[in-house]
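What follows is one structure encoded as structure tokens, with my remarks underneath.
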Number of protein chains: 2
Amino acid sequence: MTEIPASHLPLLEQPNIGHLATLRPDGVIQLNDMWFLYDGENIRFTHTNARVKFRNLQLNPAMTLSVTDRDDDYRYLELRGRLIETIDDPTGAFYQELDRRYGAESPPPPKDAAHRVILVMGIDSVNAH
Amino acid sequence: MTEIPASHLPLLEQPNIGHLATLRPDGVIQLNDMWFLYDGENIRFTHTNARVKFRNLQLNPAMTLSVTDRDDDYRYLELRGRLIETIDDPTGAFYQELDRRYGAESPPPPKDAAHRVILVMGIDSVNAH
């Protein structure tokens with residue numbers, strides 16, 4: 001388990017938008033803005049199994065996430081790791097949990113719930129400043 | 001020349017922090033928070049020729065940049081491209097220009113001016129939402 005510096009834990013605890021990098025088969029790096037949850041050990045994302053990023057990760061599990069503090073541009077956290085688990089979320093419950101974390105009061109389940117999955121990213125290294 | 005949608009030009013014009021992805025030789029994606037300038041055609045970064053990211057780009061010129069609107073989390077721009085030119089900046093003048101763009105009033109030259117370069121990223125494709 002890779003430790004997050006206590007100074008930078010708030011960046012993961014606050015509902016900041018994450019920038020998630022994955023690698024396409026053609027070698028182009030894909031970046032997406034993502035909701036995320038830090039569970040104390042890993043990073044969890046809601047996703048579907050019908051999108052490009054999901055296919056990228058089946059071929060190459062490398063994931064790197066960066067987060068900027070919305071109140072201080074110069075506080076930054078970079079987590080490098082890889083996909084360690086994919087968990088089905090067929091009711092979209094985890095999607096709703098993230099939607100609430102990012103400010104929705106009573107979010108409905110997503111329309112694509114049947115395809116929803118939780119991507120679990122293990123953290124191999126941390127850079128913070 | 002790849003056009004930026006007019007709706008998303010403000011994300012490049014405002015002094016938002018960019019998230020720049022490059023690829024290390026070991027296949028791990030590196031993300032860095034970066035000042036940038038959009039010159040109407042390419043993206044320009046200040047950098048030094050003595051850092052890991054510079055070496056990454058000599059081996060693999062792939063660069064992907066993402067920008068989130070600081071006032072609206074759900075406005076997002078992703079630019080995929082590659083390093084097309086490296087320009088020496090031995091007085092650090094471009095560093096100072098970016099420092100002013102990001103809020104400094106009378107920035108001094110950087111201490112590492114002798115190693116400063118301008119990385120010019122050509123844009124191959126754009127995703128915006």
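Just remember, in the structure tokens the first chain shown is A, the second B, etc., residues are 1-based per chain, and ligands are 1-based in the order shown.
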
Kindly determine which residues of chain B lie within 9 Å of chain A, considering only C-alpha atoms, and give the answer as a list in words. Asn16, Ile17, His19, Ala21, Thr22, Leu23, Gly27, Val28, Ile29, Gln30, Leu31, Asn32, Asp33, Ala62, Met63, Thr64, Leu65, Ser66, Val67, Thr68, Arg70, Asp73, Tyr74, Tyr76, Glu78, Leu79, Arg80 and Gly81 of chain B

Return as number ranges by chain the full set of residues in chain A whose backbone-based DSSP assignment is alpha helix (DSSP H). A: 9-13, 52-59, 93-101

For the residues in that selection, give me C-alpha atoms as a compact mmCIF listing (two decimals), in the first residue's frame.
# COMPACT_ATOMS: atom_id res chain seq x y z
CA LEU A 9 -4.93 13.86 1.43
CA PRO A 10 -7.45 16.73 1.21
CA LEU A 11 -7.02 16.79 -2.59
CA LEU A 12 -8.42 13.25 -2.66
CA GLU A 13 -11.03 13.82 0.03
CA VAL A 52 -12.86 3.23 -25.36
CA LYS A 53 -11.15 3.76 -22.01
CA PHE A 54 -12.42 0.38 -20.77
CA ARG A 55 -10.98 -1.32 -23.85
CA ASN A 56 -7.69 0.56 -23.46
CA LEU A 57 -7.36 -0.78 -19.94
CA GLN A 58 -7.98 -4.39 -20.96
CA LEU A 59 -4.97 -4.10 -23.29
CA ALA A 93 -25.22 2.34 -6.91
CA PHE A 94 -21.58 3.41 -7.01
CA TYR A 95 -22.35 5.90 -9.76
CA GLN A 96 -24.98 7.42 -7.45
CA GLU A 97 -22.52 7.46 -4.54
CA LEU A 98 -20.06 9.46 -6.65
CA ASP A 99 -22.79 11.73 -7.98
CA ARG A 100 -23.67 12.58 -4.35
CA ARG A 101 -19.99 13.08 -3.47

Work out how far apart atom CA of A:Tyr102 and atom CA of A:Asp39 are and give it in Å to one decimal.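 That distance, rounded to one decimal, is 15.4 Å.
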
From a DSSP calculation on the backbone, collect every residue of chain A in strand (DSSP E or B) and output the set as a VMD selection string. chain A and resid 18 to 23 29 to 34 37 to 38 43 to 48 62 to 69 72 to 88 116 to 128

Identify, on the basis of only C-alpha atoms, every residue whose closest approach to A:Gly122 does not exceed 7 Å; exclude the query and any residue fewer than 2 positions from it along the same chain; express the result as a list in words. Asn42, Ile43, Gly81, Arg82, Leu83, Ile84, Val120 and Asp124 of chain A

Could you give me, as a list in words, the residues within 12 Å of B:Val117, counting only C-alpha atoms and dropping anything in the same chain fewer than 6 positions from it? Arg44, Phe45, Thr46, His47, Thr48, Asn49, Ala50, Arg51, Phe54, Glu85, Thr86, Ile87, Asp88, Asp89, Pro90, Thr91, Gly92, Ala93, Phe94, Tyr95 and Pro110 of chain B
